[in-house]
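Asks: Following this line is run-v4.cif, made up of mmCIF, C-alpha atoms:
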data_input
#
loop_
_atom_site.label_atom_id
_atom_site.label_comp_id
_atom_site.auth_asym_id
_atom_site.auth_seq_id
_atom_site.Cartn_x
_atom_site.Cartn_y
_atom_site.Cartn_z
CA MET A 163 6.24 -47.08 -20.64
CA THR A 164 5.99 -48.07 -17.02
CA ALA A 165 2.75 -48.00 -15.14
CA ARG A 166 3.95 -45.08 -13.07
CA THR A 167 4.92 -43.10 -16.12
CA LEU A 168 1.59 -43.91 -17.67
CA THR A 169 -0.19 -42.78 -14.54
CA ALA A 170 1.69 -39.51 -14.54
CA ALA A 171 1.03 -38.98 -18.24
CA CYS A 172 -2.67 -39.70 -17.73
CA ALA A 173 -2.88 -37.28 -14.91
CA LEU A 174 -1.30 -34.48 -16.80
CA PHE A 175 -2.73 -34.87 -20.25
CA ALA A 176 -5.80 -37.11 -20.38
CA LEU A 177 -7.63 -36.96 -17.11
CA ALA A 178 -11.07 -38.09 -18.13
CA ALA A 179 -10.03 -41.03 -20.28
CA CYS A 180 -7.59 -42.47 -17.77
CA SER A 181 -9.91 -42.21 -14.81
CA GLU A 182 -12.09 -44.80 -16.47
CA ILE A 183 -9.37 -47.47 -16.34
CA ASP A 184 -9.51 -48.62 -12.76
CA GLY A 185 -11.96 -46.36 -11.00
CA ILE A 186 -9.14 -44.54 -9.20
CA ASP A 187 -8.37 -41.02 -10.30
CA PRO A 188 -4.74 -41.33 -11.44
CA ARG A 189 -4.00 -37.87 -10.14
CA THR A 190 -4.23 -39.22 -6.60
CA GLN A 191 -1.36 -41.60 -7.38
CA LEU A 192 1.10 -38.80 -8.10
CA LYS A 193 3.80 -37.97 -5.60
CA PHE A 194 5.10 -34.49 -4.84
CA ASP A 195 8.20 -33.42 -2.95
CA GLN A 196 8.13 -30.20 -0.94
CA VAL A 197 10.62 -27.55 -2.05
CA ASP A 198 9.51 -24.36 -0.33
CA ARG A 199 7.67 -23.31 2.82
CA THR A 200 6.96 -19.94 4.40
CA ALA A 201 4.99 -18.52 7.29
CA ILE A 202 6.73 -15.89 9.45
CA PRO A 203 8.56 -13.48 7.17
CA ALA A 204 12.36 -13.57 7.20
CA VAL A 205 12.83 -16.77 9.16
CA ALA A 206 14.21 -18.70 6.21
CA THR A 207 15.74 -15.69 4.51
CA LEU A 208 17.44 -13.98 7.39
CA PHE A 209 17.91 -16.43 10.21
CA VAL A 210 18.90 -19.75 8.69
CA ASP A 211 22.51 -19.98 7.60
CA PRO A 212 22.93 -16.24 6.98
CA LEU A 213 26.57 -16.51 6.01
CA GLY A 214 26.37 -19.85 4.25
CA THR A 215 27.06 -20.22 0.58
CA ARG A 216 23.78 -20.35 -1.20
CA SER A 217 23.88 -23.25 -3.55
CA GLU A 218 21.71 -25.42 -5.74
CA THR A 219 22.30 -28.52 -3.66
CA ALA A 220 19.75 -30.10 -1.39
CA ALA A 221 22.33 -30.03 1.42
CA ASP A 222 22.31 -26.24 1.52
CA PRO A 223 20.78 -25.26 4.88
CA LYS A 224 18.24 -22.91 3.33
CA ASN A 225 17.12 -25.62 0.93
CA ARG A 226 16.90 -28.07 3.81
CA PHE A 227 14.83 -25.56 5.75
CA ASN A 228 12.53 -24.91 2.80
CA ALA A 229 12.09 -28.64 2.19
CA GLY A 230 11.45 -29.26 5.89
CA ALA A 231 8.53 -28.92 8.24
CA PRO A 232 7.73 -27.13 11.51
CA LEU A 233 8.60 -30.38 13.24
CA ASN A 234 12.22 -29.86 12.11
CA ALA A 235 12.56 -26.69 14.22
CA PRO A 236 15.30 -28.15 16.46
CA ASP A 237 17.53 -28.68 13.39
CA PHE A 238 17.68 -24.93 12.80
CA ALA A 239 17.47 -23.53 16.32
CA ASP A 240 21.24 -23.15 16.69
CA ASP A 241 21.54 -21.18 13.44
CA ILE A 242 18.63 -18.94 14.36
CA ARG A 243 19.93 -18.36 17.89
CA ALA A 244 23.39 -17.40 16.56
CA THR A 245 21.96 -15.00 14.02
CA LEU A 246 19.65 -13.36 16.52
CA SER A 247 22.47 -13.01 19.02
CA ALA A 248 24.67 -11.31 16.44
CA LEU A 249 21.95 -8.92 15.33
CA ARG A 250 20.93 -7.99 18.84
CA SER A 251 24.48 -6.95 19.70
CA LEU A 252 24.12 -4.04 17.28
CA ASP A 253 21.73 -1.78 19.16
CA ASP A 254 23.98 -1.33 22.22
CA ASN A 255 21.09 -2.35 24.43
CA PRO A 256 22.31 -5.01 26.87
CA ALA A 257 18.74 -6.13 27.41
CA ASN A 258 18.79 -7.45 23.87
CA ASP A 259 22.08 -9.32 24.00
CA ALA A 260 22.28 -13.06 23.82
CA GLY A 261 21.72 -14.52 27.24
CA ALA A 262 19.64 -11.59 28.44
CA ALA A 263 16.51 -12.90 30.07
CA GLY A 264 14.40 -10.09 28.71
CA ASP A 265 13.55 -6.84 30.42
CA THR A 266 10.04 -6.67 31.72
CA THR A 267 10.44 -3.49 33.75
CA ASP A 268 8.66 -1.44 31.10
CA PRO A 269 5.53 -3.20 29.87
CA SER A 270 5.40 -0.94 26.81
CA LEU A 271 8.61 -2.57 25.55
CA PRO A 272 8.05 -6.28 25.15
CA ARG A 273 11.63 -7.44 25.33
CA VAL A 274 11.97 -11.12 24.71
CA SER A 275 15.08 -13.19 25.25
CA VAL A 276 16.98 -14.74 22.36
CA ALA A 277 16.09 -18.20 23.59
CA THR A 278 12.39 -17.42 23.76
CA THR A 279 12.40 -15.75 20.37
CA THR A 280 14.20 -18.71 18.84
CA ALA A 281 11.62 -21.09 20.23
CA VAL A 282 8.83 -18.97 18.76
CA VAL A 283 10.21 -18.50 15.25
CA ALA A 284 12.09 -21.77 14.59
CA PRO A 285 8.99 -23.81 13.60
CA ASP A 286 8.08 -21.01 11.14
CA VAL A 287 4.33 -21.16 11.62
CA LEU A 288 1.75 -18.37 11.69
CA THR A 289 -0.21 -18.81 14.90
CA LEU A 290 -3.93 -18.08 14.68
CA ASP A 291 -6.27 -17.82 17.66
CA LEU A 292 -9.62 -18.46 16.00
CA SER A 293 -11.41 -17.06 19.04
CA GLY A 294 -9.69 -13.68 18.61
CA SER A 295 -10.65 -10.88 16.26
CA GLN A 296 -7.57 -8.64 15.99
CA PRO A 297 -5.19 -9.94 13.30
CA GLY A 298 -1.49 -9.15 13.25
CA LEU A 299 1.89 -10.85 13.09
CA LEU A 300 2.93 -12.56 16.35
CA GLY A 301 -0.13 -11.14 18.12
CA VAL A 302 -0.93 -14.43 19.82
CA GLU A 303 2.68 -15.03 20.86
CA LEU A 304 3.00 -11.51 22.28
CA GLY A 305 -0.28 -11.79 24.16
CA ALA A 306 -1.99 -8.88 22.42
CA PRO A 307 -5.62 -8.30 23.52
CA ASP A 308 -8.22 -10.30 21.56
CA ALA A 309 -5.42 -11.39 19.20
CA PHE A 310 -6.24 -13.42 16.10
CA GLY A 311 -2.59 -13.47 15.05
CA GLY A 312 -1.80 -14.44 11.48
CA ARG A 313 -0.79 -11.54 9.28
CA THR A 314 -2.75 -8.89 7.40
CA LEU A 315 -1.97 -7.63 3.92
CA ALA A 316 -1.58 -4.04 5.08
CA GLU A 317 0.46 -4.41 8.23
CA ASP A 318 4.06 -3.23 8.36
CA VAL A 319 5.61 -6.63 8.69
CA VAL A 320 9.21 -5.51 8.38
CA ASP A 321 8.78 -3.20 11.34
CA ALA A 322 6.81 -5.83 13.26
CA ALA A 323 9.53 -8.41 12.72
CA LEU A 324 12.34 -6.01 13.59
CA GLY A 325 10.57 -4.82 16.72
CA ALA A 326 9.36 -8.17 17.99
CA ILE A 327 12.10 -10.52 16.83
CA VAL A 328 15.34 -8.73 16.10
CA PHE A 329 15.54 -5.62 18.28
CA PRO A 330 12.80 -5.72 20.90
CA GLY A 331 12.87 -2.53 22.94
CA ALA A 332 15.28 -0.70 20.65
CA GLY A 333 14.63 2.73 19.15
CA PRO A 334 12.81 3.33 15.87
CA ALA A 335 16.03 3.49 13.84
CA PHE A 336 16.43 -0.20 14.55
CA THR A 337 12.83 -1.25 14.39
CA SER A 338 11.57 0.51 11.28
CA ASP A 339 12.65 0.70 7.66
CA TYR A 340 10.28 3.69 7.48
CA ALA A 341 8.40 2.18 4.55
CA ASP A 342 5.08 2.22 6.37
CA ALA A 343 2.48 1.33 3.78
CA ASN A 344 2.02 -0.50 0.52
CA ASP A 345 1.99 1.52 -2.70
CA ALA A 346 -1.36 0.13 -3.83
CA THR A 347 -4.73 0.09 -2.06
CA PHE A 348 -6.02 -3.27 -0.93
CA ARG A 349 -9.55 -4.34 -1.83
CA ASP A 350 -12.12 -4.27 1.00
CA ASP A 351 -13.69 -7.48 -0.26
CA PHE A 352 -12.52 -10.77 -1.71
CA PRO A 353 -9.88 -11.38 -3.01
CA TYR A 354 -8.50 -8.53 -0.82
CA VAL A 355 -5.16 -8.19 -2.65
CA ALA A 356 -4.71 -5.03 -4.73
CA PRO A 357 -5.18 -5.19 -8.50
CA ALA A 358 -2.09 -5.69 -10.61
CA ASN A 359 -0.10 -2.62 -11.57
CA MET B 46 38.64 -21.50 12.33
CA VAL B 47 38.37 -17.95 13.58
CA ARG B 48 34.85 -17.22 14.69
CA PRO B 49 33.49 -14.03 13.14
CA THR B 50 32.69 -11.25 15.56
CA PRO B 51 29.00 -10.60 16.03
CA ARG B 52 29.23 -7.32 14.18
CA TRP B 53 30.82 -8.86 11.10
CA LEU B 54 28.49 -11.79 11.27
CA ALA B 55 25.61 -9.37 11.35
CA ALA B 56 27.03 -7.46 8.42
CA GLY B 57 27.20 -10.60 6.36
CA LEU B 58 23.72 -11.74 7.12
CA LEU B 59 22.23 -8.32 6.63
CA PHE B 60 23.91 -8.13 3.26
CA THR B 61 22.44 -11.49 2.38
CA ALA B 62 18.99 -10.35 3.40
CA ALA B 63 19.31 -7.04 1.58
CA ALA B 64 20.46 -8.73 -1.58
CA HIS B 65 17.41 -10.93 -1.60
CA ALA B 66 14.81 -8.44 -0.35
CA ALA B 67 13.18 -10.55 2.31
CA ASP B 68 11.76 -13.72 0.82
CA HIS B 69 11.61 -12.45 -2.73
CA ILE B 70 13.96 -13.88 -5.36
CA ASP B 71 14.66 -16.63 -2.91
CA ALA B 72 13.50 -19.71 -4.76
CA PRO B 73 14.81 -23.05 -3.58
CA PHE B 74 17.81 -24.52 -5.35
CA THR B 75 19.12 -21.28 -6.73
CA ASP B 76 22.34 -19.54 -5.89
CA GLY B 77 20.72 -16.12 -6.05
CA THR B 78 23.89 -14.51 -7.34
CA VAL B 79 22.27 -12.38 -10.02
CA ALA B 80 20.66 -9.15 -8.89
CA GLY B 81 17.17 -8.16 -9.88
CA GLY B 82 14.00 -9.94 -10.85
CA ASP B 83 15.60 -12.17 -13.46
CA ALA B 84 17.83 -13.98 -11.00
CA VAL B 85 15.63 -17.01 -10.92
CA ASP B 86 14.24 -18.72 -13.97
CA LEU B 87 10.53 -18.82 -14.56
CA VAL B 88 10.08 -22.43 -13.50
CA GLU B 89 11.82 -21.77 -10.19
CA LYS B 90 9.78 -18.63 -9.60
CA SER B 91 6.59 -20.66 -10.02
CA TYR B 92 7.27 -22.50 -6.76
CA ASP B 93 8.93 -19.64 -4.88
CA ILE B 94 6.69 -18.50 -2.02
CA ALA B 95 7.25 -14.83 -1.17
CA ASP B 96 4.76 -14.17 1.65
CA VAL B 97 1.91 -15.77 3.56
CA PHE B 98 -1.05 -13.95 5.13
CA ALA B 99 -3.97 -15.11 7.30
CA PHE B 100 -6.73 -12.87 8.61
CA PRO B 101 -10.41 -13.07 9.60
CA THR B 102 -13.03 -11.99 7.07
CA ASN B 103 -16.81 -11.67 6.90
CA GLY B 104 -16.96 -10.69 10.54
CA GLY B 105 -14.97 -13.72 11.62
CA GLN B 106 -17.20 -16.22 9.82
CA THR B 107 -14.39 -16.98 7.38
CA VAL B 108 -10.59 -16.80 7.25
CA ALA B 109 -8.66 -15.60 4.22
CA LEU B 110 -5.40 -17.39 3.52
CA VAL B 111 -3.08 -15.74 1.01
CA MET B 112 0.13 -17.09 -0.47
CA THR B 113 2.12 -15.02 -2.96
CA VAL B 114 4.35 -16.80 -5.47
CA PHE B 115 6.26 -15.83 -8.61
CA PRO B 116 7.91 -12.57 -7.46
CA PHE B 117 8.06 -9.89 -10.16
CA ALA B 118 5.42 -11.64 -12.23
CA ASP B 119 4.00 -10.15 -15.42
CA SER B 120 0.73 -10.64 -17.30
CA THR B 121 1.99 -13.86 -18.90
CA SER B 122 2.99 -15.49 -15.60
CA ARG B 123 0.97 -18.50 -14.48
CA LEU B 124 1.03 -21.21 -11.83
CA ASN B 125 2.97 -24.38 -12.62
CA PRO B 126 0.69 -27.39 -13.36
CA GLU B 127 3.35 -29.69 -11.93
CA VAL B 128 3.42 -27.89 -8.56
CA LEU B 129 1.15 -28.61 -5.60
CA TYR B 130 0.38 -25.41 -3.66
CA GLN B 131 -0.82 -25.98 -0.10
CA PHE B 132 -1.79 -24.30 3.12
CA LYS B 133 -1.18 -26.65 6.03
CA VAL B 134 -2.96 -26.32 9.37
CA ASP B 135 -1.87 -27.81 12.69
CA THR B 136 -4.92 -27.90 14.96
CA ASP B 137 -3.43 -29.61 18.03
CA GLY B 138 -0.04 -27.97 18.52
CA ASP B 139 2.13 -30.95 17.56
CA ARG B 140 3.55 -29.09 14.53
CA ILE B 141 2.14 -31.71 12.17
CA GLU B 142 -0.60 -30.80 9.70
CA ASP B 143 -4.09 -32.02 10.57
CA ARG B 144 -5.84 -30.22 7.73
CA VAL B 145 -4.66 -28.97 4.37
CA ILE B 146 -5.98 -26.81 1.56
CA GLN B 147 -4.61 -27.76 -1.85
CA VAL B 148 -4.52 -25.50 -4.90
CA THR B 149 -3.53 -26.82 -8.32
CA ALA B 150 -3.46 -25.55 -11.88
CA SER B 151 -4.35 -27.20 -15.17
CA GLY B 152 -3.05 -26.00 -18.51
CA THR B 153 -0.75 -23.13 -19.31
CA GLY B 154 -0.95 -19.62 -20.68
CA SER B 155 -4.36 -18.05 -21.25
CA ALA B 156 -6.03 -21.49 -21.04
CA GLN B 157 -4.93 -22.12 -17.46
CA THR B 158 -7.58 -22.92 -14.88
CA VAL B 159 -7.12 -23.47 -11.15
CA ALA B 160 -8.80 -25.59 -8.50
CA THR B 161 -8.91 -26.05 -4.75
CA THR B 162 -9.92 -28.87 -2.46
CA GLY B 163 -11.03 -26.46 0.22
CA VAL B 164 -10.20 -27.58 3.76
CA THR B 165 -9.60 -31.32 3.74
CA THR B 166 -7.78 -34.01 5.69
CA PRO B 167 -4.35 -35.12 4.47
CA THR B 168 -3.68 -38.80 3.87
CA VAL B 169 0.10 -38.36 3.79
CA LEU B 170 1.88 -36.22 6.40
CA GLY B 171 5.14 -34.31 6.18
CA THR B 172 7.12 -33.15 3.18
CA GLU B 173 6.16 -35.83 0.67
CA ASP B 174 2.71 -34.97 -0.58
CA ASN B 175 -0.07 -36.40 -2.66
CA ARG B 176 -3.05 -34.87 -4.37
CA LEU B 177 -6.34 -35.02 -2.55
CA LEU B 178 -9.56 -35.13 -4.51
CA PRO B 179 -12.26 -34.19 -5.19
CA ASN B 180 -11.87 -30.49 -5.71
CA LEU B 181 -14.43 -28.23 -4.14
CA LEU B 182 -13.91 -25.57 -6.79
CA GLU B 183 -12.34 -26.25 -10.17
CA GLY B 184 -12.14 -24.93 -13.70
CA VAL B 185 -11.67 -21.44 -12.27
CA PRO B 186 -9.98 -19.17 -14.81
CA PHE B 187 -6.65 -17.62 -13.82
CA ASN B 188 -7.47 -14.06 -12.63
CA GLY B 189 -11.03 -15.21 -11.90
CA THR B 190 -12.90 -15.82 -8.66
CA ALA B 191 -15.20 -18.65 -7.60
CA GLY B 192 -17.36 -19.52 -4.62
CA VAL B 193 -19.76 -17.54 -2.46
CA ALA B 194 -19.23 -15.30 0.56
CA GLY B 195 -19.35 -17.24 3.80
CA GLY B 196 -18.24 -20.46 2.11
CA THR B 197 -15.04 -21.41 0.33
CA ARG B 198 -13.82 -18.93 -2.26
CA LEU B 199 -10.81 -19.05 -4.58
CA PHE B 200 -8.82 -16.46 -6.47
CA VAL B 201 -5.56 -17.10 -8.26
CA GLY B 202 -4.22 -14.31 -10.37
CA LEU B 203 -1.86 -11.43 -10.93
CA SER B 204 -1.96 -8.74 -8.24
CA ASP B 205 0.11 -5.97 -6.78
CA ASP B 206 2.81 -7.40 -4.51
CA PRO B 207 1.50 -6.65 -1.01
CA PHE B 208 4.99 -6.73 0.51
CA TYR B 209 6.73 -3.40 1.05
CA PHE B 210 10.28 -2.82 2.14
CA ASP B 211 13.00 -0.16 1.91
CA LEU B 212 15.98 -1.94 0.40
CA ALA B 213 18.09 1.24 0.27
CA ALA B 214 17.62 1.85 4.00
CA PHE B 215 18.52 -1.74 4.66
CA ARG B 216 21.71 -1.37 2.63
CA ASN B 217 22.60 1.75 4.58
CA PHE B 218 22.24 -0.25 7.75
CA VAL B 219 24.54 -2.89 6.30
CA ALA B 220 27.11 -0.26 5.37
CA GLU B 221 27.09 1.09 8.90
CA VAL B 222 27.47 -2.33 10.41
CA LYS B 223 30.49 -2.86 8.19
CA GLY B 224 32.07 0.28 9.64
CA GLU B 225 31.34 2.60 6.73
CA PRO B 226 29.95 6.07 7.49
CA GLY B 227 26.44 5.48 6.17
CA ASN B 228 23.85 8.21 5.93
CA ASP B 229 24.91 9.94 9.13
CA GLY B 230 28.54 10.28 7.99
CA ASP B 231 29.79 8.83 11.26
CA PRO B 232 31.54 5.48 11.02
CA ASP B 233 31.33 4.95 14.78
CA THR B 234 27.60 5.27 15.24
CA ILE B 235 25.06 2.87 13.90
CA VAL B 236 21.85 4.73 13.23
CA GLY B 237 20.01 1.77 11.75
CA PHE B 238 17.51 2.69 9.07
CA ALA B 239 17.60 6.42 9.78
CA PRO B 240 16.95 8.96 8.37
CA ALA B 241 13.25 8.31 8.09
CA ALA B 242 12.04 8.14 4.51
CA GLN B 243 9.21 6.32 2.79
CA ASN B 244 10.75 4.20 0.07
CA ASP B 245 8.98 1.05 -1.05
CA THR B 246 11.47 -0.88 -3.15
CA LEU B 247 8.67 -3.15 -4.31
CA ALA B 248 6.36 -0.33 -5.45
CA GLY B 249 4.79 -1.24 -8.76
CA ALA B 250 5.85 -4.88 -8.57
CA ASN B 251 3.32 -7.58 -9.38
CA ILE B 252 3.10 -11.13 -8.08
CA ILE B 253 0.74 -14.10 -8.33
CA SER B 254 -1.64 -14.23 -5.36
CA ILE B 255 -3.32 -17.46 -4.30
CA VAL B 256 -6.27 -16.46 -2.10
CA VAL B 257 -8.46 -19.10 -0.47
CA GLU B 258 -11.21 -18.04 1.89
CA VAL B 259 -12.63 -20.82 4.05
CA PRO B 260 -15.24 -21.13 6.81
CA GLN B 261 -13.44 -20.51 10.08
CA ALA B 262 -15.00 -23.56 11.72
CA GLU B 263 -13.30 -25.83 9.16
CA LEU B 264 -9.87 -24.72 10.40
CA GLY B 265 -10.52 -25.91 13.94
CA THR B 266 -11.09 -24.10 17.20
CA GLY B 267 -8.84 -22.12 19.50
CA THR B 268 -5.20 -21.83 18.50
CA VAL B 269 -3.96 -23.31 15.22
CA GLY B 270 -0.72 -23.03 13.24
CA VAL B 271 -0.66 -22.25 9.52
CA TRP B 272 2.11 -22.46 6.94
CA ALA B 273 2.29 -22.57 3.15
CA THR B 274 4.21 -25.06 1.03
CA THR B 275 5.00 -25.76 -2.60
CA SER B 276 5.85 -29.25 -3.81
CA LEU B 277 7.17 -30.45 -7.15
CA LEU B 278 5.79 -33.43 -9.06
CA ASP B 279 8.12 -36.37 -8.48
CA PRO B 280 8.92 -37.93 -11.88
CA GLN B 281 9.31 -41.28 -10.06
#
Step by step, read the file and then write its structure as structure tokens.

Replies:
Amino acid sequence: MTARTLTAACALFALAACSEIDGIDPRTQLKFDQVDRTAIPAVATLFVDPLGTRSETAADPKNRFNAGAPLNAPDFADDIRATLSALRSLDDNPANDAGAAGDTTDPSLPRVSVATTTAVVAPDVLTLDLSGSQPGLLGVELGAPDAFGGRTLAEDVVDAALGAIVFPGAGPAFTSDYADANDATFRDDFPYVAPAN
Amino acid sequence: MVRPTPRWLAAGLLFTAAAHAADHIDAPFTDGTVAGGDAVDLVEKSYDIADVFAFPTNGGQTVALVMTVFPFADSTSRLNPEVLYQFKVDTDGDRIEDRVIQVTASGTGSAQTVATTGVTTPTVLGTEDNRLLPNLLEGVPFNGTAGVAGGTRLFVGLSDDPFYFDLAAFRNFVAEVKGEPGNDGDPDTIVGFAPAAQNDTLAGANIISIVVEVPQAELGTGTVGVWATTSLLDPQ
């Protein structure tokens, strides 16, 4: 048995006894390799390699994305830009097409260009403004008043993502799946999630 | 190679998304070819992150961070003791974590307990990770809570899946994009998700929620970035 194997075995099965050996908790010697990451919904699922063949290999783009970090955003920007461009061609709104700079003539419709959207979503990070008090997906990026950003349990994230990322400025048929609320009631206090069904 | 037209490209990617219902049943290293909740084996589901949430609590004194894993979990589902569950926080905008919160499990089945470091400073950056000790809270039963309001609190347990989504409406959209009539009976007009109807495909589904509430000041000040990761023990 190698020292490494012993360390791993100690960590998993005999914590107290092993920690006496050298004064170092053997659990701190273990190594872990990242396999999944998530922040903004749908970035990995929808935007990275949408037509690729999902596979069990580490070379698969989605697996590379999931094993990557926000710092790897440039590696996936082309895929995300292509996917967004294709999706935005569907609503017959030229303001949403690839290359459109974004239409700011109507402030109630925050249209954002494909390039800008790609830059925002490619790192796949939830942005929090700790000085704000109003939580909600992409709130900080969209400049919402007193935005905290992040994401709440109750918010309609599919609609938020469709409206802010995929089809900004399009009609409700493109920006809502019409499922507007969860089936269960969230707790008001910790741990906030709804009890199991 | 003939480049696909945008409309067909969109059809393909929408189909992919619909088949996998957002980030559910989307574990790494799986081909995802089998429909339904049994597409991914139980080990893979244990490190499959479905959703991440972050919101202020206790009047802004604390922030709740929620990561859901193990889509379509049941009462026997547990965390994987060989997986490191983390929230990573970038406090200076360089897209590299400056603070992390680690959650780990010990034991299996009804004997499983969970632990968290609370907000701490990583000693290794990037996608190869190590365990940071000591734990701030440990020996917490699965489905139990620990900690006090205003400080660091931990819950890991079975909950309702907070995600909601109309998979049927999404599939209608896909059909329309592919040139089929869809719900409006008109192959030439894409009506998106119309007609309006409330259908939560994930109604009644359970999932494992990892909820860590931490003092806001420990996350930094101003604007920070948060993401969740799962990492597998390297057999070395």

Asks: I need the output of the PyMOL selection byres ((chain A and resi 210) around 7) for this file as a list in words; which residues are they?

Replies: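 Taken on the displayed file, the PyMOL selection byres ((chain A and resi 210) around 7) yields the residues Val205, Ala206, Thr207, Leu208, Phe209, Asp211, Pro212, Pro223, Lys224, Phe238, Asp241 and Ile242 of chain A.
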
Asks: Using all atoms listed in the file, find each residue of chain A with at least one atom at most 6 Å away from an atom of chain B; report its shortest atom-to-atom pair and that distance in Å (one decimal), sort the rows by chain and rising residue number, and return the result as JSON lines.

Replies:
{"residue": "A:Thr190", "atom": "CA", "partner": "B:Arg176", "partner_atom": "CA", "distance": 5.0}
{"residue": "A:Lys193", "atom": "CA", "partner": "B:Asn175", "partner_atom": "CA", "distance": 5.1}
{"residue": "A:Phe194", "atom": "CA", "partner": "B:Leu278", "partner_atom": "CA", "distance": 4.4}
{"residue": "A:Asp195", "atom": "CA", "partner": "B:Glu173", "partner_atom": "CA", "distance": 4.8}
{"residue": "A:Gln196", "atom": "CA", "partner": "B:Ser276", "partner_atom": "CA", "distance": 3.8}
{"residue": "A:Val197", "atom": "CA", "partner": "B:Ser276", "partner_atom": "CA", "distance": 5.4}
{"residue": "A:Asp198", "atom": "CA", "partner": "B:Thr275", "partner_atom": "CA", "distance": 5.2}
{"residue": "A:Arg199", "atom": "CA", "partner": "B:Thr274", "partner_atom": "CA", "distance": 4.3}
{"residue": "A:Thr200", "atom": "CA", "partner": "B:Ala273", "partner_atom": "CA", "distance": 5.5}
{"residue": "A:Ala201", "atom": "CA", "partner": "B:Trp272", "partner_atom": "CA", "distance": 4.9}
{"residue": "A:Ala204", "atom": "CA", "partner": "B:Ala67", "partner_atom": "CA", "distance": 5.8}
{"residue": "A:Thr207", "atom": "CA", "partner": "B:Asp68", "partner_atom": "CA", "distance": 5.8}
{"residue": "A:Leu208", "atom": "CA", "partner": "B:Ala62", "partner_atom": "CA", "distance": 5.6}
{"residue": "A:Pro212", "atom": "CA", "partner": "B:Leu58", "partner_atom": "CA", "distance": 4.6}
{"residue": "A:Leu213", "atom": "CA", "partner": "B:Leu58", "partner_atom": "CA", "distance": 5.7}
{"residue": "A:Arg216", "atom": "CA", "partner": "B:Asp76", "partner_atom": "CA", "distance": 5.0}
{"residue": "A:Ser217", "atom": "CA", "partner": "B:Asp76", "partner_atom": "CA", "distance": 4.6}
{"residue": "A:Glu218", "atom": "CA", "partner": "B:Phe74", "partner_atom": "CA", "distance": 4.0}
{"residue": "A:Asn225", "atom": "CA", "partner": "B:Pro73", "partner_atom": "CA", "distance": 5.7}
{"residue": "A:Pro232", "atom": "CA", "partner": "B:Arg140", "partner_atom": "CA", "distance": 5.5}
{"residue": "A:Leu233", "atom": "CA", "partner": "B:Arg140", "partner_atom": "CA", "distance": 5.4}
{"residue": "A:Ala248", "atom": "CA", "partner": "B:Pro51", "partner_atom": "CA", "distance": 4.4}
{"residue": "A:Leu249", "atom": "CA", "partner": "B:Ala55", "partner_atom": "CA", "distance": 5.4}
{"residue": "A:Val287", "atom": "CA", "partner": "B:Trp272", "partner_atom": "CA", "distance": 5.3}
{"residue": "A:Leu288", "atom": "CA", "partner": "B:Val271", "partner_atom": "CA", "distance": 5.1}
{"residue": "A:Thr289", "atom": "CA", "partner": "B:Gly270", "partner_atom": "CA", "distance": 4.6}
{"residue": "A:Leu290", "atom": "CA", "partner": "B:Val269", "partner_atom": "CA", "distance": 5.3}
{"residue": "A:Asp291", "atom": "CA", "partner": "B:Thr268", "partner_atom": "CA", "distance": 4.2}
{"residue": "A:Leu292", "atom": "CA", "partner": "B:Gly267", "partner_atom": "CA", "distance": 5.1}
{"residue": "A:Ser293", "atom": "CA", "partner": "B:Gly267", "partner_atom": "CA", "distance": 5.7}
{"residue": "A:Pro297", "atom": "CA", "partner": "B:Phe100", "partner_atom": "CA", "distance": 5.7}
{"residue": "A:Gly312", "atom": "CA", "partner": "B:Ala99", "partner_atom": "CA", "distance": 4.8}
{"residue": "A:Arg313", "atom": "CA", "partner": "B:Phe98", "partner_atom": "CA", "distance": 4.8}
{"residue": "A:Thr314", "atom": "CA", "partner": "B:Phe100", "partner_atom": "CA", "distance": 5.8}
{"residue": "A:Ala335", "atom": "CA", "partner": "B:Gly237", "partner_atom": "CA", "distance": 4.8}
{"residue": "A:Phe336", "atom": "CA", "partner": "B:Gly237", "partner_atom": "CA", "distance": 5.0}
{"residue": "A:Asp339", "atom": "CA", "partner": "B:Phe238", "partner_atom": "CA", "distance": 5.4}
{"residue": "A:Tyr340", "atom": "CA", "partner": "B:Gln243", "partner_atom": "CA", "distance": 5.5}
{"residue": "A:Ala341", "atom": "CA", "partner": "B:Gln243", "partner_atom": "CA", "distance": 4.6}
{"residue": "A:Asn344", "atom": "CA", "partner": "B:Tyr209", "partner_atom": "CA", "distance": 5.6}
{"residue": "A:Asp345", "atom": "CA", "partner": "B:Ala248", "partner_atom": "CA", "distance": 5.5}
{"residue": "A:Ala356", "atom": "CA", "partner": "B:Asp205", "partner_atom": "CA", "distance": 5.3}
{"residue": "A:Pro357", "atom": "CA", "partner": "B:Ser204", "partner_atom": "CA", "distance": 4.8}
{"residue": "A:Ala358", "atom": "CA", "partner": "B:Ser204", "partner_atom": "CA", "distance": 3.9}
{"residue": "A:Asn359", "atom": "CA", "partner": "B:Gly249", "partner_atom": "CA", "distance": 5.8}

Asks: Separation of atom CA of A:Thr245 and atom CA of B:Ser91, in Å?

Replies: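 So the two atoms, atom CA of A:Thr245 and atom CA of B:Ser91, lie 29.1 Å apart.
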
Asks: For a test of reading the model, state the distance in Å between atom CA of B:Ser155 and atom CA of B:Arg123, rounded to one decimal.

Replies: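 Value for the atom CA of B:Ser155-atom CA of B:Arg123 distance: 8.6 Å.
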
Asks: Determine, counting all atoms listed in the file, every residue of protein, DNA or RNA that lies within 7 Å of (19.6, -12.4, 18.3) in the file coordinates, then give the result as a ChimeraX atom specification.

Replies: /A:243-250,259-260,276,328
